[in-house]
Amino acid sequence: MNHSPTAPLDRRESRLRWMDSLLTALFLLLLWWLVAEILYERAGSLSQRVELRQQGWLQQASRAVDARLETLQREMQLFGQVDAGLAQQATSLHPLENGQLWLLDHEQLSQPLGPQQALPASARDNLQQLLAQHPANGKMLLLPASSAANPDRLQVSMAVCDDNSSDCNRAITGFITLTSLLDPELLLPRPYFALLDAQGNQLASRHGNDNNGNLLHTHSTSSTLSTVPLQLSVQFNPREELRPFMLFALFLVGGGALLSLLLMLLIVRVNRKLGYAVRHSREVTQATHLLTLTNNSLRDRLQTLVDEQRDQQTLIDTVQVGVLMLDAEQQTLLTANEAALRMLGFNRQALFRQLPEQLFADAALYAQLQAQLKEQQLVSEREVELVTRSGERLWAVLSMRPLLFRERRAIVLSFVDITERLLHAQRLEQEKQTTERTLAQLQSTQHELYQRATRDDLTGIANRRHFLSNAGKALEQARREQQSFAVAVLDVDRFKSINDHYGHAVGDSVLRQSATTIAALLPDVALFGRLGGEEFAIALPGFTLLEAHALLDQLRDKLAAQPQQVDEHLLLVTFSAGVAERQLCGDLLSNLLKEADHAMYRAKRSGRNRVESARGSN
């Protein structure tokens, strides 16, 4: 099946674009999360400043109200006395409304001060109720008397008793406004303030609270007055404080939007550059492919020429192909066959001291062939000029292919003297095919040896040594990157009973089917291996203890829900497992496996078909 030479480039472009999109999304998420955190912190600071202003205002307002109420209380007590001389000492009854004062004496209502005006019936009822309750002498009482025009209007009343009598038959009253009790400078911020009784009922208030707290939520602050058992409450409208906050928020959001736009423009430009590079690489790949087709055509023409000149050449019995094996990373010679030694004129020790590019007449050509291999393009039947030990030039047809040799990346280089190919072209092709089959068989053998060294013979998963090696590397990477890492140890329940009852062949089949089922359900990042017998282990990079426990429970449920058909037997297979995490049990793989093994035995003792988590020592 032919594959397009540009397919790897398309996959690489898709991966790069996906990574660009992911990084862009992460950066934008971090940027706007930071903007939100800064705005939230500024809003909290602004709210604190407003509350501090409220507390400072309330302290000044409480002192002013208490001072004015104390003065008013003393002067009203003087007006309630029988002696007119004492009453004359109360020359200023500020802040009484219009300076008006009414006196209720033995059901007789009089107005000793202020312009004559009738006392409202509700106010007179309040005085009579006050006298009926046997009030204390000189105790001031504030009652609500607000209206739509004066929402902060209050009725101030006081019972006046004779010195020699415990009964209070006189009460004095007037009206004040809550605003008149405050200093003028306290009213400039236009706060919302109110007077509350002990139950929290509002007696009087001033200024509306419209649009307060829409952008910034503030709470009211209260203080108890010393003159009367009432509370003064205040709440500021933060609209004045919001202007700098809104300017800062606008600047911050605008800056974040600008950075986001610049990032998007940068990503678009990078994607354009990437697309241009991929298109250029695709054009180079297509040109190389056309060059390969041209070389194949030339090779066919050369084969035709060999057939035409066969009667002019002396046939030889055999044509040997020279083979050199090179280390792909260190560019050193690993091995060579006798044909290569004979054609190049070197003995084995002298050839091993040579660098590969020294065998080519044109060192730049060798570098070009290496670059072609790195781009995953095979070098096949290229006509090159080699240099022998004596300095002579040798024209050869050369092929290069990568392979795995002795568990390392290697390059096999095969070449044939094309002058000998003119004498017997058909034998040359046969020898070359034999060499390629041998090389393919060598690569297959190397792969098989590698599989045998790393895979468990029974189950096909990683054996103990390979699992411990890979899990150790993954644990070290998780420790460096400060990521979660979990290990689980699994043991098939009652496996000895299966072996004793059904035989070892059935037991082996149970282990194979169980390993296959578990491996199919594991995530891609998991490492799965057999530690020995019926015991398995799973390494889970990036998994916390809870996530690993949940995954093992899912595996246990899936395995228990699928009875295994072994020969004519239908067996229900379960396992017990223990899970340990790096953050709890340390950064040594041996400690993790030991803690997971202890947890697994707790699961066995708890009834099997369970998953237990290691308690850890940290």
# chains A, B, ... in the order shown; residues from 1 in each chain; ligands from 1
>>> select_by_dssp(residues="range 366-413 of chain A", states="alpha helix (DSSP H)", output="PyMOL selection string")
chain A and resi 366-374
>>> residues_around(residues="range 484-489 of chain A", least_positions_apart="3", cutoff="6 Å", atoms="only C-alpha atoms", output="PyMOL selection string")
chain A and resi 536-544+577-582+596-597
>>> write_last_selection(atoms="all heavy atoms", output="CSV table (one decimal), in the first residue's frame")
chain,number,residue,atom,x,y,z
A,536,PHE,N,-0.1,-8.7,39.8
A,536,PHE,CA,0.1,-7.7,38.8
A,536,PHE,C,0.3,-6.4,39.4
A,536,PHE,O,0.0,-6.2,40.6
A,536,PHE,CB,-1.1,-7.7,37.8
A,536,PHE,CG,-1.3,-8.9,37.1
A,536,PHE,CD1,-2.1,-9.9,37.6
A,536,PHE,CD2,-0.8,-9.2,35.8
A,536,PHE,CE1,-2.4,-11.1,37.0
A,536,PHE,CE2,-1.0,-10.4,35.1
A,536,PHE,CZ,-1.8,-11.3,35.7
A,537,ALA,N,0.8,-5.4,38.7
A,537,ALA,CA,1.0,-4.1,39.2
A,537,ALA,C,0.7,-3.1,38.1
A,537,ALA,O,0.8,-3.3,36.9
A,537,ALA,CB,2.5,-3.9,39.6
A,538,ILE,N,0.2,-1.9,38.5
A,538,ILE,CA,-0.2,-0.8,37.6
A,538,ILE,C,0.4,0.4,38.2
A,538,ILE,O,0.2,0.8,39.3
A,538,ILE,CB,-1.8,-0.7,37.5
A,538,ILE,CG1,-2.4,-2.0,37.0
A,538,ILE,CG2,-2.1,0.4,36.5
A,538,ILE,CD1,-3.9,-2.0,37.0
A,539,ALA,N,1.1,1.2,37.3
A,539,ALA,CA,1.6,2.5,37.6
A,539,ALA,C,0.7,3.6,36.9
A,539,ALA,O,0.5,3.4,35.7
A,539,ALA,CB,3.0,2.7,37.2
A,540,LEU,N,0.3,4.6,37.7
A,540,LEU,CA,-0.7,5.6,37.1
A,540,LEU,C,-0.1,7.0,37.3
A,540,LEU,O,-0.4,7.7,38.3
A,540,LEU,CB,-2.0,5.5,37.9
A,540,LEU,CG,-2.8,4.1,37.7
A,540,LEU,CD1,-3.9,4.0,38.6
A,540,LEU,CD2,-3.2,4.0,36.2
A,541,PRO,N,0.7,7.5,36.4
A,541,PRO,CA,1.2,8.8,36.5
A,541,PRO,C,0.1,9.8,36.3
A,541,PRO,O,-0.8,9.7,35.5
A,541,PRO,CB,2.2,8.9,35.3
A,541,PRO,CG,2.5,7.5,34.9
A,541,PRO,CD,1.3,6.7,35.2
A,542,GLY,N,0.1,10.9,37.2
A,542,GLY,CA,-0.9,11.9,37.2
A,542,GLY,C,-2.2,11.6,37.9
A,542,GLY,O,-3.1,12.4,37.9
A,543,PHE,N,-2.3,10.4,38.5
A,543,PHE,CA,-3.5,10.0,39.3
A,543,PHE,C,-3.3,10.2,40.8
A,543,PHE,O,-2.2,9.9,41.3
A,543,PHE,CB,-3.8,8.5,39.0
A,543,PHE,CG,-4.5,8.3,37.8
A,543,PHE,CD1,-4.0,8.5,36.5
A,543,PHE,CD2,-5.8,7.8,37.8
A,543,PHE,CE1,-4.7,8.3,35.3
A,543,PHE,CE2,-6.5,7.5,36.6
A,543,PHE,CZ,-5.9,7.8,35.4
A,544,THR,N,-4.3,10.8,41.4
A,544,THR,CA,-4.3,11.0,42.9
A,544,THR,C,-4.8,9.6,43.4
A,544,THR,O,-5.2,8.7,42.7
A,544,THR,CB,-5.2,12.1,43.3
A,544,THR,OG1,-6.6,11.8,42.9
A,544,THR,CG2,-4.8,13.4,42.7
A,577,ALA,N,-7.1,-5.6,45.4
A,577,ALA,CA,-6.0,-4.7,45.0
A,577,ALA,C,-5.8,-3.7,46.2
A,577,ALA,O,-6.7,-3.4,47.0
A,577,ALA,CB,-6.4,-3.9,43.8
A,578,GLY,N,-4.6,-3.2,46.2
A,578,GLY,CA,-4.2,-2.1,47.1
A,578,GLY,C,-3.6,-1.0,46.3
A,578,GLY,O,-2.9,-1.2,45.3
A,579,VAL,N,-3.9,0.3,46.7
A,579,VAL,CA,-3.5,1.5,46.0
A,579,VAL,C,-2.6,2.3,47.0
A,579,VAL,O,-3.0,2.5,48.1
A,579,VAL,CB,-4.7,2.3,45.5
A,579,VAL,CG1,-4.2,3.5,44.7
A,579,VAL,CG2,-5.5,1.4,44.6
A,580,ALA,N,-1.5,2.9,46.5
A,580,ALA,CA,-0.7,3.8,47.2
A,580,ALA,C,-0.3,5.0,46.3
A,580,ALA,O,-0.3,4.9,45.1
A,580,ALA,CB,0.6,3.1,47.7
A,581,GLU,N,-0.1,6.2,47.0
A,581,GLU,CA,0.2,7.4,46.3
A,581,GLU,C,1.5,8.0,46.7
A,581,GLU,O,1.9,7.8,47.9
A,581,GLU,CB,-0.9,8.4,46.5
A,581,GLU,CG,-0.8,9.7,45.7
A,581,GLU,CD,-1.8,10.8,46.0
A,581,GLU,OE1,-2.4,10.6,47.1
A,581,GLU,OE2,-1.9,11.7,45.3
A,582,ARG,N,2.2,8.7,45.8
A,582,ARG,CA,3.5,9.2,46.1
A,582,ARG,C,3.5,10.2,47.2
A,582,ARG,O,4.3,10.2,48.1
A,582,ARG,CB,4.0,9.9,44.8
A,582,ARG,CG,5.4,10.5,45.0
A,582,ARG,CD,5.9,11.2,43.7
A,582,ARG,NE,5.1,12.4,43.5
A,582,ARG,CZ,5.4,13.6,44.0
A,582,ARG,NH1,6.5,13.7,44.8
A,582,ARG,NH2,4.7,14.6,43.8
A,596,ALA,N,1.3,-0.6,48.8
A,596,ALA,CA,0.2,-1.1,48.0
A,596,ALA,C,0.0,-2.6,48.3
A,596,ALA,O,-1.2,-3.0,48.3
A,596,ALA,CB,0.4,-0.8,46.5
A,597,ASP,N,1.1,-3.3,48.4
A,597,ASP,CA,1.0,-4.7,48.7
A,597,ASP,C,0.3,-5.0,50.1
A,597,ASP,O,-0.6,-5.8,50.2
A,597,ASP,CB,2.4,-5.4,48.7
A,597,ASP,CG,2.3,-6.9,48.7
A,597,ASP,OD1,1.7,-7.4,47.7
A,597,ASP,OD2,2.8,-7.5,49.6
>>> closest_residue(among="A:Ser514, A:Lys139, A:Val492, A:Ala520", to="Pro563 in chain A", atoms="only C-alpha atoms")
A:Ser514
>>> atom_distance(atom1="CA of Leu333 in chain A", atom2="CA of Gln372 in chain A")
19.4 Å
>>> residues_around(residues="Arg479 in chain A", least_positions_apart="3", cutoff="10 Å", atoms="only C-alpha atoms", output="list of chain:residue names")
A:Lys473, A:Ala474, A:Leu475, A:Glu476, A:Gln482, A:Gln483, A:Ser484, A:Phe485, A:Arg582, A:Gln583, A:Gly586, A:Asp587, A:Leu588
>>> closest_residue(among="A:Arg382, A:His501, A:Arg464, A:His598", to="Leu293 in chain A", atoms="only C-alpha atoms")
A:Arg382
>>> residues_around(residues="Thr179 in chain A", least_positions_apart="5", cutoff="12 Å", atoms="only C-alpha atoms", output="tab-separated table (two decimals) with N, CA, C and O atoms, in the first residue's frame")
chain	number	residue	atom	x	y	z
A	61	ALA	N	-21.38	61.66	64.61
A	61	ALA	CA	-22.82	61.91	64.68
A	61	ALA	C	-23.37	61.52	66.05
A	61	ALA	O	-24.23	62.23	66.61
A	64	ALA	N	-22.57	64.24	68.54
A	64	ALA	CA	-23.37	65.45	68.32
A	64	ALA	C	-24.82	65.23	68.78
A	64	ALA	O	-25.41	66.12	69.44
A	65	VAL	N	-25.43	64.11	68.45
A	65	VAL	CA	-26.82	63.84	68.83
A	65	VAL	C	-26.94	63.76	70.35
A	65	VAL	O	-27.87	64.32	70.96
A	68	ARG	N	-26.69	67.30	71.90
A	68	ARG	CA	-27.88	68.13	71.70
A	68	ARG	C	-29.08	67.59	72.49
A	68	ARG	O	-29.89	68.36	73.02
A	95	PRO	N	-32.91	71.86	69.34
A	95	PRO	CA	-33.45	72.06	67.98
A	95	PRO	C	-34.94	71.80	67.89
A	95	PRO	O	-35.39	71.08	66.99
A	96	LEU	N	-35.74	72.28	68.80
A	96	LEU	CA	-37.19	72.09	68.69
A	96	LEU	C	-37.72	72.74	67.42
A	96	LEU	O	-37.26	73.82	67.02
A	97	GLU	N	-38.71	72.10	66.81
A	97	GLU	CA	-39.28	72.59	65.57
A	97	GLU	C	-40.08	73.87	65.85
A	97	GLU	O	-41.02	73.86	66.66
A	150	ASN	N	-41.39	65.29	55.88
A	150	ASN	CA	-40.33	65.21	56.89
A	150	ASN	C	-40.21	63.76	57.38
A	150	ASN	O	-40.80	63.37	58.39
A	151	PRO	N	-39.45	62.94	56.68
A	151	PRO	CA	-39.33	61.54	57.10
A	151	PRO	C	-38.51	61.37	58.37
A	151	PRO	O	-38.51	60.28	58.96
A	152	ASP	N	-37.76	62.42	58.78
A	152	ASP	CA	-36.93	62.29	59.98
A	152	ASP	C	-37.53	63.06	61.16
A	152	ASP	O	-36.82	63.41	62.12
A	153	ARG	N	-38.83	63.36	61.18
A	153	ARG	CA	-39.49	64.13	62.24
A	153	ARG	C	-39.80	63.22	63.43
A	153	ARG	O	-40.28	62.09	63.26
A	154	LEU	N	-39.52	63.69	64.63
A	154	LEU	CA	-39.71	62.93	65.85
A	154	LEU	C	-40.48	63.78	66.87
A	154	LEU	O	-40.37	65.01	66.89
A	184	PRO	N	-23.79	70.36	60.43
A	184	PRO	CA	-24.01	70.50	58.97
A	184	PRO	C	-22.98	69.75	58.13
A	184	PRO	O	-23.31	69.22	57.07
A	185	GLU	N	-21.70	69.69	58.58
A	185	GLU	CA	-20.70	69.03	57.75
A	185	GLU	C	-20.93	67.51	57.64
A	185	GLU	O	-20.46	66.85	56.72
A	186	LEU	N	-21.71	66.95	58.62
A	186	LEU	CA	-22.00	65.54	58.56
A	186	LEU	C	-23.05	65.21	57.51
A	186	LEU	O	-23.23	64.03	57.14
A	187	LEU	N	-23.76	66.23	57.03
A	187	LEU	CA	-24.81	65.99	56.03
A	187	LEU	C	-24.30	66.13	54.60
A	187	LEU	O	-25.02	65.82	53.65
A	188	LEU	N	-23.05	66.63	54.44
A	188	LEU	CA	-22.54	66.86	53.08
A	188	LEU	C	-22.40	65.57	52.27
A	188	LEU	O	-22.70	65.56	51.08
A	190	ARG	N	-24.26	63.21	52.16
A	190	ARG	CA	-25.62	62.71	51.92
A	190	ARG	C	-25.72	61.21	52.26
A	190	ARG	O	-26.06	60.38	51.42
A	191	PRO	N	-25.41	60.87	53.50
A	191	PRO	CA	-25.53	59.45	53.87
A	191	PRO	C	-26.98	59.07	54.14
A	191	PRO	O	-27.82	59.93	54.39
A	192	TYR	N	-27.23	57.80	54.12
A	192	TYR	CA	-28.54	57.29	54.53
A	192	TYR	C	-28.42	56.95	56.02
A	192	TYR	O	-27.66	56.06	56.40
A	193	PHE	N	-29.16	57.70	56.89
A	193	PHE	CA	-29.08	57.44	58.32
A	193	PHE	C	-30.50	57.33	58.86
A	193	PHE	O	-31.45	57.90	58.31
A	194	ALA	N	-30.61	56.59	59.97
A	194	ALA	CA	-31.92	56.34	60.56
A	194	ALA	C	-31.76	56.16	62.05
A	194	ALA	O	-30.67	55.82	62.54
A	195	LEU	N	-32.87	56.39	62.78
A	195	LEU	CA	-32.93	56.19	64.22
A	195	LEU	C	-33.81	54.97	64.48
A	195	LEU	O	-34.94	54.90	64.00
A	204	ALA	N	-37.15	57.17	62.46
A	204	ALA	CA	-36.98	58.29	61.54
A	204	ALA	C	-35.78	57.99	60.65
A	204	ALA	O	-34.86	57.27	61.04
A	205	SER	N	-35.81	58.52	59.41
A	205	SER	CA	-34.71	58.28	58.48
A	205	SER	C	-34.57	59.50	57.59
A	205	SER	O	-35.47	60.34	57.48
A	206	ARG	N	-33.40	59.54	56.92
A	206	ARG	CA	-33.14	60.67	56.02
A	206	ARG	C	-32.37	60.18	54.82
A	206	ARG	O	-31.45	59.36	54.96
A	207	HIS	N	-32.72	60.73	53.64
A	207	HIS	CA	-32.08	60.43	52.35
A	207	HIS	C	-32.45	59.02	51.90
A	207	HIS	O	-32.46	58.07	52.68
A	232	LEU	N	-28.46	54.75	66.45
A	232	LEU	CA	-28.28	55.56	65.25
A	232	LEU	C	-27.56	54.70	64.20
A	232	LEU	O	-26.49	54.15	64.48
>>> closest_residue(among="A:Leu72, A:Ser21, A:Leu546, A:Arg11", to="Val270 in chain A", atoms="only C-alpha atoms")
A:Ser21
>>> select_by_dssp(residues="range 112-354 of chain A", states="strand (DSSP E)", output="PyMOL selection string")
chain A and resi 112-113+140-144+153-160+170-177+192-196+202-206+221-224+231-235+322-327+333-336
>>> closest_residue(among="A:Ala453, A:Leu355, A:Val384, A:Leu274", to="Leu369 in chain A", atoms="only C-alpha atoms")
A:Val384
>>> closest_residue(among="A:Tyr276, A:Pro135, A:Thr332, A:Glu381", to="Ser297 in chain A", atoms="only C-alpha atoms")
A:Glu381
>>> closest_residue(among="A:Asp162, A:Glu338, A:Glu385, A:Asp66", to="Leu351 in chain A", atoms="only C-alpha atoms")
A:Glu338
>>> atom_distance(atom1="CA of Ile411 in chain A", atom2="CA of Asp327 in chain A")
6.4 Å
>>> residues_around(residues="Ala136 in chain A", least_positions_apart="2", cutoff="12 Å", atoms="only C-alpha atoms", output="PyMOL selection string")
chain A and resi 130-134+138-141+157-162+165-171
>>> atom_distance(atom1="CA of His504 in chain A", atom2="CA of Leu468 in chain A")
26.6 Å
